[in-house]
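Engineer: Quick one: this structure, given as structure tokens, is what I'll be asking you about.
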Amino acid sequence: MKKFSVVIAGGGSTFTPGIVMMMLDNLDRFPLRTLKLYDNDGDRQGILGEALEILLKEQAPEIDFLYTTDPEVAFTDVDFCMAHIRVGKYAMREKDEKVPLRHGVFGQETCGPGGIAYGMRSITGMLEIIDYMEKYSPDCWMLNYSNPAAIVAEACRVLRPSSKVLNICDMPVGTLRRMSQIVGKTPEELEVRYFGLNHFGWWTSVKDKEGHEYIDQIREYVSENGYLTQIEVDTQHTDPSWQETHKKAKDIIAVAPEYLPNTYLKYYLYPDYVFEHMQGHPEFTRANEVMQGREKNVFDHAREIIKNGSAKGIAFDIDSHATFIVDLARAIAFNTHERMVMIVENNGAIANFPDDAMVEVPCIVGTDGPEALTQGQIPAFQQALMFQQVTVEKLVVEAYVENSYQKMWQALTLSKTVPSAQIAKELLDDLIIENGEYWPELR
Ligand code: NAD
Ligand code: LMR
């Protein structure tokens with residue numbers, strides 16, 4: 001089998017060790033000849049890079065491994081770029097979550113004003129790594145799961161329309177794992193129909209390969225328990241704040257009981273609840289939970305490996321939920337026609353929705369990339385919510401391209417999470433100051 005060369009962009013990410021461990025666990029399906037880490041923060045990446053170098057020497061010495069901040073070294077001779085960058089890192093995520101609270105609005109990584117602010121920062125970083133990839137390895141594919149995925153995907157559509165960038169999110173994967181537990185199946189045994197935008201969608205069917213439909217059984221379960229399951233099968237979303245979110249799905253499904261909702265809809269359907277909840281502990285948001293949890297654990301592990309000069313007995317956890325990234329790479333490399341929920345240009349997949357919207361739908365993925373499966377007509381309630389939200393996402397990208405203060409104000413005003421144009425303006429002025437050089441100048 002062909003061996004691949006992979007670069008991980010955002011090498012200093014808290015997800016890097018788990019994804020490297022997952023790839024080592026999948027070498028029989030996706031063999032590696034080279035693995036590189038690339039980041040624009042050499043100090044942060046250096047800690048993970050040094051630890052992974054020790055680990056790879058012990059566990060997979062046949063793979064050439066390096067970590068670098070030099071784009072030419074990183075992006076030359078690579079087949080796949082796995083991209084998980086966070087422009088502004090956790091310091092800025094914390095601001096995305098806390099600045100809106102000053103204005104009576106909740107703050108979140110990808111939804112509402114926090115997501116809009118993060119989107120504005122991410123576009124520059126994403127364009128930078130796409131351009132490096134195309135310059136040094138024109139045949140390379142980027143598997144992108146950097147957030148906020150909806151705005152990043154729209155920016156790619158507008159600004160790099162022919163680039164080989166595949167946008168995918170782990171939330172549909174994680175929730176399917178929960179659904180499979182609810183019905184006593186494995187995720188691989190189930191096939192879904194789904195429509196929406198990223199972090200804004202609904203499952204309309206969950207069937208096994210024999211065609212048995214489970215949606216009614218799962219709807220009944222979610223109406224009582226949300227997506228809380230007995231055993232943690234979705235290893236990515238387990239912290240206390242996530243348990244709260246899984247539970248809240250029972251209130252989301254109550255509004256539109258015919259389909260199974262994406263958990264992120266809580267931010268759009270219950271913004272007042274989320275705000276009040278955050279007011280209870282305004283100094284401790286999700287960013288703090290991750291910094292004190294995942295980030296601390298991952299970097300503590302790395303430092304211990306470096307101190308011992310060996311990874312024996314201190315191996316990083318395998319991010320087994322991230323196997324979808326290998327499935328996607330294999331689909332491209334081996335034309336497997338894997339069925340995956342991805343973020344793609346609509347072009348009729350949702351019949352009563354604009355062609356040029358970036359939507360999240362099941363796709364068949366092969367050598368030429370994803371082909372969307374048609375999901376037909378969607379009901380007016382979901383269609384209207386989606387149209388409002390996709391217009392917010394488009395306005396953010398237009399504001400970025402045109403340096404337009406006006407469009408950014410409109411984006412914040414239109415967001416279902418912001419109560420008025422006045423608050424949107426006050427928020428925008430605050431976000432401009434807090435984001436400084438990370439944002440293009442808005443005039
Ligand atoms: P993190 O801050 O730990 O890591 C991000 C890394 O990106 C940092 O080391 C930072 O220096 C680097 N970076 C920022 N801008 C860059 C640029 N222009 N070029 C190169 N590197 C750059 O963040 P994290 O919590 O590990 O998340 C990383 C990303 O993955 C986020 O966008 C997050 O939303 C997304 N994400 C991925 C998954 C998944 O399934 N893997 C799940 C949830 C979130
Ligand atoms: C993370 O940091 O894990 C995220 O990107 C999603 C979340 O859990 O808030």
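Identifiers in this document derive from the order of the structure tokens: chains are assigned A, B, ..., residues are numbered from 1 separately in each chain, and ligands are numbered from 1 in order of occurrence.
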Considering only C-alpha atoms and all ligand atoms, tabulate each residue of chain A that lies at most 7 Å from ligand 1 along with its nearest interatomic pair and the corresponding distance in Å to one decimal; arrange the rows by chain and ascending residue number and present them as CSV.
Structural biologist:
residue,atom,partner,partner_atom_place_in_ligand_line,distance
A:Ala9,CA,ligand 1,20 (C),5.6
A:Gly10,CA,ligand 1,7 (O),3.6
A:Gly11,CA,ligand 1,9 (O),5.8
A:Gly12,CA,ligand 1,9 (O),3.4
A:Ser13,CA,ligand 1,4 (O),3.1
A:Thr14,CA,ligand 1,26 (O),3.7
A:Phe15,CA,ligand 1,26 (O),4.7
A:Tyr38,CA,ligand 1,20 (C),6.3
A:Asp39,CA,ligand 1,21 (N),3.7
A:Asn40,CA,ligand 1,20 (C),4.5
A:Asp41,CA,ligand 1,11 (O),4.5
A:Arg44,CA,ligand 1,9 (O),5.9
A:Gln45,CA,ligand 1,9 (O),5.9
A:His84,CA,ligand 1,29 (C),4.0
A:Ile85,CA,ligand 1,7 (O),3.5
A:Arg86,CA,ligand 1,5 (C),4.1
A:Val87,CA,ligand 1,15 (N),3.9
A:Gly88,CA,ligand 1,14 (C),6.1
A:Lys89,CA,ligand 1,2 (O),3.9
A:Tyr90,CA,ligand 1,2 (O),5.4
A:Gly125,CA,ligand 1,18 (N),3.8
A:Met126,CA,ligand 1,18 (N),6.6
A:Glu128,CA,ligand 1,18 (N),6.4
A:Ile129,CA,ligand 1,19 (N),6.3
A:Tyr145,CA,ligand 1,37 (C),5.3
A:Ser146,CA,ligand 1,32 (O),3.6
A:Asn147,CA,ligand 1,32 (O),3.9
A:Pro148,CA,ligand 1,34 (O),6.4
A:Cys169,CA,ligand 1,40 (O),6.6
A:Asp170,CA,ligand 1,40 (O),4.9
A:Glu295,CA,ligand 1,3 (O),6.6
A:Ala322,CA,ligand 1,40 (O),6.0
Engineer: What does the file look like for those residues with C-alpha atoms, as a PDB file, in the first residue's frame?
Structural biologist:
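So the final result, stored in result23.pdb, reads:
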ATOM      1  CA  ALA A   9      -1.027  22.510  10.711  1.00  0.00           C
ATOM      2  CA  GLY A  10      -1.570  23.828  14.207  1.00  0.00           C
ATOM      3  CA  GLY A  11       1.057  21.359  15.462  1.00  0.00           C
ATOM      4  CA  GLY A  12       0.834  22.938  18.932  1.00  0.00           C
ATOM      5  CA  SER A  13      -2.878  22.089  19.186  1.00  0.00           C
ATOM      6  CA  THR A  14      -4.210  20.213  22.191  1.00  0.00           C
ATOM      7  CA  PHE A  15      -5.600  17.732  19.634  1.00  0.00           C
ATOM      8  CA  TYR A  38       3.739  22.991  11.534  1.00  0.00           C
ATOM      9  CA  ASP A  39       2.776  25.925  13.749  1.00  0.00           C
ATOM     10  CA  ASN A  40       3.554  29.626  13.826  1.00  0.00           C
ATOM     11  CA  ASP A  41       4.205  29.413  17.589  1.00  0.00           C
ATOM     12  CA  ARG A  44       4.155  25.955  22.058  1.00  0.00           C
ATOM     13  CA  GLN A  45       4.617  23.402  19.280  1.00  0.00           C
ATOM     14  CA  HIS A  84      -6.599  22.465  13.223  1.00  0.00           C
ATOM     15  CA  ILE A  85      -5.370  25.968  13.890  1.00  0.00           C
ATOM     16  CA  ARG A  86      -6.803  28.355  16.485  1.00  0.00           C
ATOM     17  CA  VAL A  87      -5.891  31.902  15.525  1.00  0.00           C
ATOM     18  CA  GLY A  88      -5.366  33.820  18.772  1.00  0.00           C
ATOM     19  CA  LYS A  89      -5.183  30.595  20.800  1.00  0.00           C
ATOM     20  CA  TYR A  90      -6.947  30.209  24.152  1.00  0.00           C
ATOM     21  CA  GLY A 125      -4.726  32.129   9.210  1.00  0.00           C
ATOM     22  CA  MET A 126      -6.599  29.697   6.972  1.00  0.00           C
ATOM     23  CA  GLU A 128      -2.093  31.628   4.889  1.00  0.00           C
ATOM     24  CA  ILE A 129      -1.836  27.847   5.294  1.00  0.00           C
ATOM     25  CA  TYR A 145     -11.453  21.000  11.025  1.00  0.00           C
ATOM     26  CA  SER A 146     -10.378  24.435  12.267  1.00  0.00           C
ATOM     27  CA  ASN A 147     -13.257  26.452  13.673  1.00  0.00           C
ATOM     28  CA  PRO A 148     -15.505  28.285  13.236  1.00  0.00           C
ATOM     29  CA  CYS A 169     -16.746  18.830  11.762  1.00  0.00           C
ATOM     30  CA  ASP A 170     -16.545  16.232  14.504  1.00  0.00           C
ATOM     31  CA  GLU A 295      -4.601  21.718  27.584  1.00  0.00           C
ATOM     32  CA  ALA A 322     -10.955  11.270  15.305  1.00  0.00           C
TER      33      ALA A 322
END
Engineer: Taking the backbone alone, and naming residues the way the document does, which bits of segment 187-398 of chain A are helix (DSSP H, G or I) by DSSP, as a VMD selection string?
Structural biologist: chain A and resid 187 to 189 215 to 225 240 to 255 263 to 269 271 to 279 286 to 308 320 to 334 380 to 398
Engineer: If the limit is 12 Å from any atom of ligand 2, counting only C-alpha atoms and all ligand atoms, which residues qualify? Return them as a PyMOL selection string.
Structural biologist: chain A and resi 13-15+84-86+89-90+93-94+97+107-111+114-115+118+145-149+169-171+174+199+234-246+263-264+285-295
Engineer: Can you work out which one of A:Arg339, A:Trp202, A:Leu52, A:Ile47 has the shortest atom-to-atom distance to Phe299 of chain A, counting only C-alpha atoms?
Structural biologist: A:Ile47
Engineer: Nearest residue to Thr69 of chain A out of A:Val7, A:Leu385, A:Val359, A:Thr16, using only C-alpha atoms?
Structural biologist: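 Of A:Val7, A:Leu385, A:Val359, A:Thr16, the one nearest Thr69 of chain A, counting only C-alpha atoms, is A:Val7.
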Engineer: Under the rule that only C-alpha atoms are counted, which of A:Leu265, A:Val183, A:Ala117, A:Leu127 is the nearest residue to Cys156 of chain A?
Structural biologist: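 Residue with the minimum atom-to-atom distance to Cys156 of chain A: A:Leu127.
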Engineer: Quick one: of A:Gln388, A:Asn297, A:Gln383, A:Asn352, who's nearest to Pro17 of chain A, counting only C-alpha atoms?
Structural biologist: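 Going through A:Gln388, A:Asn297, A:Gln383, A:Asn352 one by one, the smallest distance to Pro17 of chain A is for A:Asn297.
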Engineer: Measuring between only C-alpha atoms, which one of A:Pro282, A:Gly201, A:Pro187, A:Pro61 shows the shortest distance to Lys266 of chain A?
Structural biologist: A:Gly201
